[in-house]
file model.csv (CSV, C-alpha atoms and all ligand atoms)
chain,number,residue,atom,x,y,z
A,1,MET,CA,109.8,91.0,150.5
A,2,ALA,CA,110.0,89.5,147.1
A,3,GLU,CA,107.9,90.1,144.0
A,4,VAL,CA,106.4,87.5,141.7
A,5,TYR,CA,105.6,87.9,138.0
A,6,VAL,CA,104.0,85.2,135.9
A,7,LEU,CA,105.9,85.8,132.6
A,8,ARG,CA,104.0,83.1,130.6
A,9,GLU,CA,100.9,81.5,132.0
A,10,GLY,CA,100.8,77.8,131.5
A,11,ASN,CA,98.0,76.0,129.7
A,12,LEU,CA,97.0,72.4,128.9
A,13,ILE,CA,94.9,71.6,125.8
A,14,ILE,CA,94.4,67.9,125.1
A,15,ASP,CA,92.8,67.4,121.7
A,16,GLY,CA,93.0,63.7,121.1
A,17,PHE,CA,95.8,61.3,121.9
A,18,ASP,CA,98.4,62.8,119.6
A,19,SER,CA,97.6,66.5,120.1
A,20,VAL,CA,98.7,68.0,123.3
A,21,THR,CA,99.4,71.8,123.6
A,22,ALA,CA,101.0,72.4,127.0
A,23,PRO,CA,103.0,75.6,127.5
A,24,ALA,CA,104.4,75.5,131.0
A,25,THR,CA,104.2,78.5,133.4
A,26,VAL,CA,107.4,80.6,133.6
A,27,THR,CA,107.7,82.8,136.7
A,28,LEU,CA,110.1,85.6,137.6
A,29,VAL,CA,110.9,86.3,141.2
A,30,VAL,CA,112.6,89.6,142.1
A,31,TYR,CA,114.2,90.3,145.4
A,32,GLU,CA,116.8,92.6,146.9
A,33,GLU,CA,120.2,91.4,148.3
A,34,ASP,CA,123.1,93.7,149.2
A,35,ASN,CA,121.1,96.7,147.8
A,36,GLU,CA,120.7,95.2,144.4
A,37,ASN,CA,117.9,93.4,142.6
A,38,LYS,CA,118.3,89.7,142.0
A,39,TYR,CA,116.3,88.1,139.1
A,40,LEU,CA,115.4,84.5,139.5
A,41,LEU,CA,113.3,82.2,137.3
A,42,VAL,CA,111.1,79.4,138.5
A,43,ASP,CA,110.9,77.0,135.6
A,44,ALA,CA,112.6,78.0,132.4
A,45,GLY,CA,110.3,77.5,129.5
A,46,SER,CA,110.0,74.8,126.9
A,47,LEU,CA,112.4,73.4,124.4
A,48,TRP,CA,110.5,75.3,121.6
A,49,ASP,CA,110.7,78.6,123.4
A,50,THR,CA,113.5,81.0,122.5
A,51,PRO,CA,115.6,83.6,124.4
A,52,GLU,CA,113.7,86.2,122.4
A,53,ASP,CA,110.4,84.9,123.7
A,54,LEU,CA,111.8,85.2,127.3
A,55,ASP,CA,113.0,88.8,126.6
A,56,ASP,CA,109.5,89.6,125.2
A,57,TRP,CA,107.9,88.3,128.4
A,58,LEU,CA,110.4,90.2,130.6
A,59,SER,CA,109.6,93.4,128.8
A,60,ASP,CA,106.1,93.2,130.3
A,61,THR,CA,107.6,93.6,133.8
A,62,PRO,CA,108.7,96.9,135.4
A,63,TYR,CA,112.4,95.8,135.0
A,64,ASP,CA,114.6,96.6,132.1
A,65,ILE,CA,116.2,93.2,131.9
A,66,THR,CA,116.9,90.3,129.5
A,67,HIS,CA,117.6,86.6,129.8
A,68,GLU,CA,121.2,87.5,130.5
A,69,ASP,CA,120.2,89.2,133.7
A,70,ILE,CA,118.7,86.0,135.2
A,71,TYR,CA,121.3,84.9,137.7
A,72,ALA,CA,119.6,81.6,138.7
A,73,ALA,CA,116.7,79.3,138.0
A,74,ILE,CA,114.8,76.9,140.2
A,75,ILE,CA,113.5,74.0,138.2
A,76,THR,CA,110.4,72.3,139.7
A,77,HIS,CA,111.1,69.1,137.8
A,78,ASN,CA,113.0,67.7,134.9
A,79,HIS,CA,110.6,67.7,132.0
A,80,PRO,CA,111.5,69.5,128.7
A,81,ASP,CA,108.6,71.9,129.0
A,82,HIS,CA,110.2,73.3,132.1
A,83,THR,CA,113.9,73.3,131.3
A,84,GLY,CA,114.1,74.5,127.8
A,85,LEU,CA,115.8,77.9,128.2
A,86,ILE,CA,118.2,77.2,131.1
A,87,ARG,CA,121.2,77.1,128.7
A,88,TYR,CA,120.6,80.7,127.6
A,89,LEU,CA,120.3,82.2,131.1
A,90,GLY,CA,122.9,84.4,132.8
A,91,GLY,CA,125.1,85.7,130.1
A,92,ASP,CA,128.7,84.4,129.7
A,93,THR,CA,129.0,82.8,133.0
A,94,GLY,CA,125.7,81.0,132.8
A,95,ALA,CA,123.1,80.9,135.6
A,96,THR,CA,123.0,78.7,138.6
A,97,ILE,CA,120.4,76.0,138.3
A,98,TYR,CA,118.7,74.5,141.3
A,99,GLY,CA,117.1,71.2,140.5
A,100,SER,CA,117.4,67.5,140.0
A,101,ASP,CA,120.8,66.7,138.5
A,102,SER,CA,119.1,64.6,135.9
A,103,ILE,CA,118.3,67.9,134.2
A,104,PHE,CA,121.9,68.3,133.3
A,105,HIS,CA,122.4,64.9,131.8
A,106,ASN,CA,119.9,66.0,129.1
A,107,ARG,CA,121.5,69.4,128.4
A,108,LYS,CA,125.3,69.0,128.1
A,109,PRO,CA,127.4,70.8,127.1
A,110,HIS,CA,126.0,73.9,128.6
A,111,ILE,CA,127.4,76.2,131.2
A,112,PHE,CA,125.7,76.0,134.5
A,113,TYR,CA,126.0,74.1,137.7
A,114,ILE,CA,124.0,72.8,140.6
A,115,ASP,CA,124.2,74.4,143.9
A,116,GLU,CA,121.7,72.9,146.3
A,117,SER,CA,122.4,75.4,149.0
A,118,PHE,CA,120.0,77.9,147.7
A,119,SER,CA,119.3,80.6,150.3
A,120,ALA,CA,117.5,83.8,149.9
A,121,LYS,CA,115.4,85.8,152.3
A,122,ASP,CA,111.7,85.4,151.6
A,123,ILE,CA,112.2,82.4,149.2
A,124,THR,CA,112.0,78.8,150.4
A,125,ILE,CA,112.3,75.6,148.3
A,126,ILE,CA,110.2,72.6,149.6
A,127,GLN,CA,110.3,69.1,148.3
A,128,THR,CA,107.0,68.0,146.7
A,129,PRO,CA,107.7,64.7,145.0
A,130,GLY,CA,105.3,62.8,142.8
A,131,HIS,CA,104.9,64.3,139.3
A,132,GLU,CA,108.2,63.4,137.8
A,133,THR,CA,110.7,62.2,140.3
A,134,SER,CA,111.3,62.0,144.1
A,135,ARG,CA,113.2,65.3,143.6
A,136,ASP,CA,110.3,67.5,142.5
A,137,GLN,CA,110.2,70.7,144.3
A,138,SER,CA,108.0,73.8,144.9
A,139,VAL,CA,108.9,77.3,145.7
A,140,LEU,CA,107.3,79.5,148.4
A,141,VAL,CA,107.8,83.3,148.0
A,142,ASP,CA,106.9,85.8,150.7
A,143,THR,CA,105.4,88.9,148.9
A,144,PRO,CA,103.8,92.0,150.2
A,145,LYS,CA,100.4,90.4,149.6
A,146,GLY,CA,101.2,87.1,151.2
A,147,VAL,CA,102.9,83.8,150.4
A,148,VAL,CA,102.8,82.6,146.8
A,149,ALA,CA,103.3,78.8,146.1
A,150,ILE,CA,104.9,78.0,142.7
A,151,VAL,CA,104.2,74.3,142.4
A,152,GLY,CA,105.1,73.2,138.9
A,153,ASP,CA,103.2,70.2,137.7
A,154,LEU,CA,102.4,68.9,141.2
A,155,MET,CA,99.1,70.6,140.2
A,156,LEU,CA,98.6,71.2,136.5
A,157,ASN,CA,95.8,73.7,137.3
A,158,GLU,CA,93.2,74.8,139.7
A,159,LYS,CA,91.0,71.7,139.1
A,160,GLU,CA,93.6,69.5,140.6
A,161,PHE,CA,93.8,71.6,143.7
A,162,THR,CA,90.1,71.2,144.4
A,163,ASN,CA,90.5,67.4,144.1
A,164,ILE,CA,93.9,66.3,145.1
A,165,ALA,CA,93.2,62.7,144.1
A,166,ASP,CA,92.3,63.7,140.5
A,167,PHE,CA,95.1,62.6,138.3
A,168,SER,CA,92.9,62.2,135.2
A,169,GLN,CA,94.5,65.0,133.2
A,170,TRP,CA,98.1,63.8,133.4
A,171,PRO,CA,99.0,61.0,135.7
A,172,PRO,CA,102.1,61.6,137.9
A,173,GLU,CA,104.8,59.0,138.0
A,174,HIS,CA,104.0,58.3,141.7
A,175,ASN,CA,100.3,58.9,142.7
A,176,GLY,CA,101.0,58.4,146.4
A,177,TYR,CA,103.8,60.9,146.6
A,178,ALA,CA,101.8,63.3,144.5
A,179,SER,CA,98.8,63.1,146.8
A,180,ASP,CA,100.9,63.7,149.8
A,181,SER,CA,102.6,66.6,148.2
A,182,ARG,CA,99.3,68.2,147.1
A,183,SER,CA,98.1,67.8,150.7
A,184,THR,CA,101.2,69.6,151.9
A,185,ILE,CA,100.5,72.6,149.7
A,186,LYS,CA,96.8,72.6,150.5
A,187,ASN,CA,97.5,72.6,154.2
A,188,LEU,CA,99.7,75.7,154.1
A,189,GLU,CA,96.9,78.0,155.1
A,190,TYR,CA,99.1,81.1,154.8
A,191,VAL,CA,99.5,80.6,151.1
A,192,TYR,CA,97.3,83.2,149.3
A,193,LYS,CA,98.1,82.3,145.7
A,194,VAL,CA,99.1,79.1,143.9
A,195,ILE,CA,100.9,79.2,140.6
A,196,PRO,CA,100.4,75.8,138.9
A,197,GLY,CA,102.4,74.4,136.0
A,198,HIS,CA,99.7,74.5,133.3
A,199,GLY,CA,97.0,76.9,134.2
A,200,PRO,CA,96.2,80.3,135.6
A,201,SER,CA,97.1,81.3,139.2
A,202,PHE,CA,94.4,80.9,141.7
A,203,GLU,CA,93.6,81.8,145.3
A,204,PRO,CA,93.3,78.6,147.4
A,205,LYS,CA,91.2,80.3,150.0
A,206,ASN,CA,88.3,80.2,147.6
A,207,PHE,CA,88.1,76.4,148.0
A,208,ILE,CA,88.9,75.8,151.6
A,301,ZN,ZN,104.8,70.6,132.5
call {"tool": "encode", "arguments": {"input": "model.csv", "output": "structure tokens"}}
result
Amino acid sequence: MAEVYVLREGNLIIDGFDSVTAPATVTLVVYEEDNENKYLLVDAGSLWDTPEDLDDWLSDTPYDITHEDIYAAIITHNHPDHTGLIRYLGGDTGATIYGSDSIFHNRKPHIFYIDESFSAKDITIIQTPGHETSRDQSVLVDTPKGVVAIVGDLMLNEKEFTNIADFSQWPPEHNGYASDSRSTIKNLEYVYKVIPGHGPSFEPKNFI
């Protein structure tokens, strides 16, 4: 079983056309492999976040780790509020980044690479296109309490889960794909908690 820690809870405050405050959710997933803990991020902060911020968030977990101990990150989509810290992860060798290759065109010359063959017990990547590209993805994590779905900006917050056709807060690039992907998540009845890109976690069973 894996463990999930929301390191920084996302938010979305739209205060007029030019004023948007939108920290994105950053999530740590911890699992055991070959008798050692593996530390994985799902989404990696914003361009204005710093490695010190990440270390601060990590200090609130039970693990004595820093950004250098993060061996990999799964990026839900290639927007700068979700990719900002990837170049700092993993120490000298860099971390493995799982995501759309367009991420890397924005970030050269940093040390990391794409390996699409991600495989870990209790962690599954599913394709949930719509918000940014056809390559957007979500992560399902099997924890002792049940399956957690980390969905990035497929759903900015709980409001969008309750009404999958509501794109009023931030329109996706492809409404049709986004509606289908939201339905995919909503129909996963075994999911007990959803972690959205810009709001607090919520329990979907409250709404079904
Ligand atoms: Zn975002």
call {"tool": "residues_near_ligand", "arguments": {"input": "model.csv", "ligand": "ligand ZN 301 (chain A)", "cutoff": "6 Å", "atoms": "all atoms listed in the file", "output": "MDAnalysis selection string"}}
result
chainID A and resid 24 81 153 197
call {"tool": "closest_atom_pairs", "arguments": {"input": "model.csv", "of": "region 126-187 of chain A", "to": "region 6-15 of chain A", "cutoff": "9 Å", "atoms": "all atoms listed in the file", "output": "CSV"}}
result
residue,atom,partner,partner_atom,distance
A:Leu156,CA,A:Leu12,CA,7.9
A:Asn157,CA,A:Asn11,CA,8.2
A:Gln169,CA,A:Ile14,CA,8.6
call {"tool": "residues_around", "arguments": {"input": "model.csv", "residues": "Glu189 (chain A)", "least_positions_apart": "5", "cutoff": "10 Å", "atoms": "only C-alpha atoms", "output": "list of chain:residue names"}}
result
A:Val147, A:Thr184, A:Pro204, A:Lys205, A:Ile208
call {"tool": "closest_residue", "arguments": {"input": "model.csv", "among": "A:Trp57, A:Phe161, A:Tyr177, A:Tyr39", "to": "Pro129 (chain A)", "atoms": "only C-alpha atoms"}}
result
A:Tyr177
call {"tool": "residues_around", "arguments": {"input": "model.csv", "residues": "Lys159 (chain A)", "least_positions_apart": "3", "cutoff": "12 Å", "atoms": "all atoms listed in the file", "output": "list in words"}}
result
Leu12, Leu154, Met155, Leu156, Thr162, Asn163, Ile164, Ala165, Asp166, Phe167, Ser168, Gln169, Val194, Pro196, His198, Gly199, Pro200, Ser201, Phe202, Pro204 and Phe207 of chain A
call {"tool": "residues_around", "arguments": {"input": "model.csv", "residues": "region 43-46 of chain A", "least_positions_apart": "4", "cutoff": "10 Å", "atoms": "all atoms listed in the file", "output": "JSON, numbers by chain"}}
result
{"A": [7, 8, 10, 22, 23, 24, 25, 26, 27, 28, 50, 51, 53, 54, 73, 74, 75, 76, 77, 78, 79, 80, 81, 82, 83, 84, 85, 86, 87, 88, 89, 97, 98, 99, 150, 151, 152, 197]}
call {"tool": "closest_residue", "arguments": {"input": "model.csv", "among": "A:Thr66, A:Thr143, A:Ser183, A:Asn175", "to": "Tyr31 (chain A)", "atoms": "all atoms listed in the file"}}
result
A:Thr143
call {"tool": "atom_distance", "arguments": {"input": "model.csv", "atom1": "CA of Lys193 (chain A)", "atom2": "CA of Ser59 (chain A)"}}
result
23.3 Å
call {"tool": "closest_residue", "arguments": {"input": "model.csv", "among": "A:His174, A:Glu68, A:Val42, A:Asp55", "to": "Ile125 (chain A)", "atoms": "all atoms listed in the file"}}
result
A:Val42
call {"tool": "atom_distance", "arguments": {"input": "model.csv", "atom1": "CA of Asn35 (chain A)", "atom2": "CA of Glu3 (chain A)"}}
result
15.2 Å
call {"tool": "atom_distance", "arguments": {"input": "model.csv", "atom1": "CA of Val191 (chain A)", "atom2": "CA of Tyr71 (chain A)"}}
result
25.9 Å
call {"tool": "residues_around", "arguments": {"input": "model.csv", "residues": "Pro144 (chain A)", "least_positions_apart": "2", "cutoff": "7 Å", "atoms": "all atoms listed in the file", "output": "list in words"}}
result
Met1, Asp142 and Gly146 of chain A
call {"tool": "write_last_selection", "arguments": {"input": "model.csv", "atoms": "C-alpha atoms", "output": "PDB file, in the frame of the given file"}}
result
ATOM      1  CA  MET A   1     109.800  91.000 150.500  1.00  0.00           C
ATOM      2  CA  ASP A 142     106.900  85.800 150.700  1.00  0.00           C
ATOM      3  CA  GLY A 146     101.200  87.100 151.200  1.00  0.00           C
TER       4      GLY A 146
END
call {"tool": "closest_residue", "arguments": {"input": "model.csv", "among": "A:Ala72, A:Glu160, A:Glu36, A:Tyr190", "to": "Ser119 (chain A)", "atoms": "all atoms listed in the file"}}
result
A:Ala72
call {"tool": "closest_residue", "arguments": {"input": "model.csv", "among": "A:Val148, A:Ala178, A:Leu41, A:Thr93", "to": "Ile70 (chain A)", "atoms": "only C-alpha atoms"}}
result
A:Leu41
call {"tool": "closest_residue", "arguments": {"input": "model.csv", "among": "A:Leu47, A:Val139, A:Ser181, A:Gly130", "to": "Phe118 (chain A)", "atoms": "all atoms listed in the file"}}
result
A:Val139
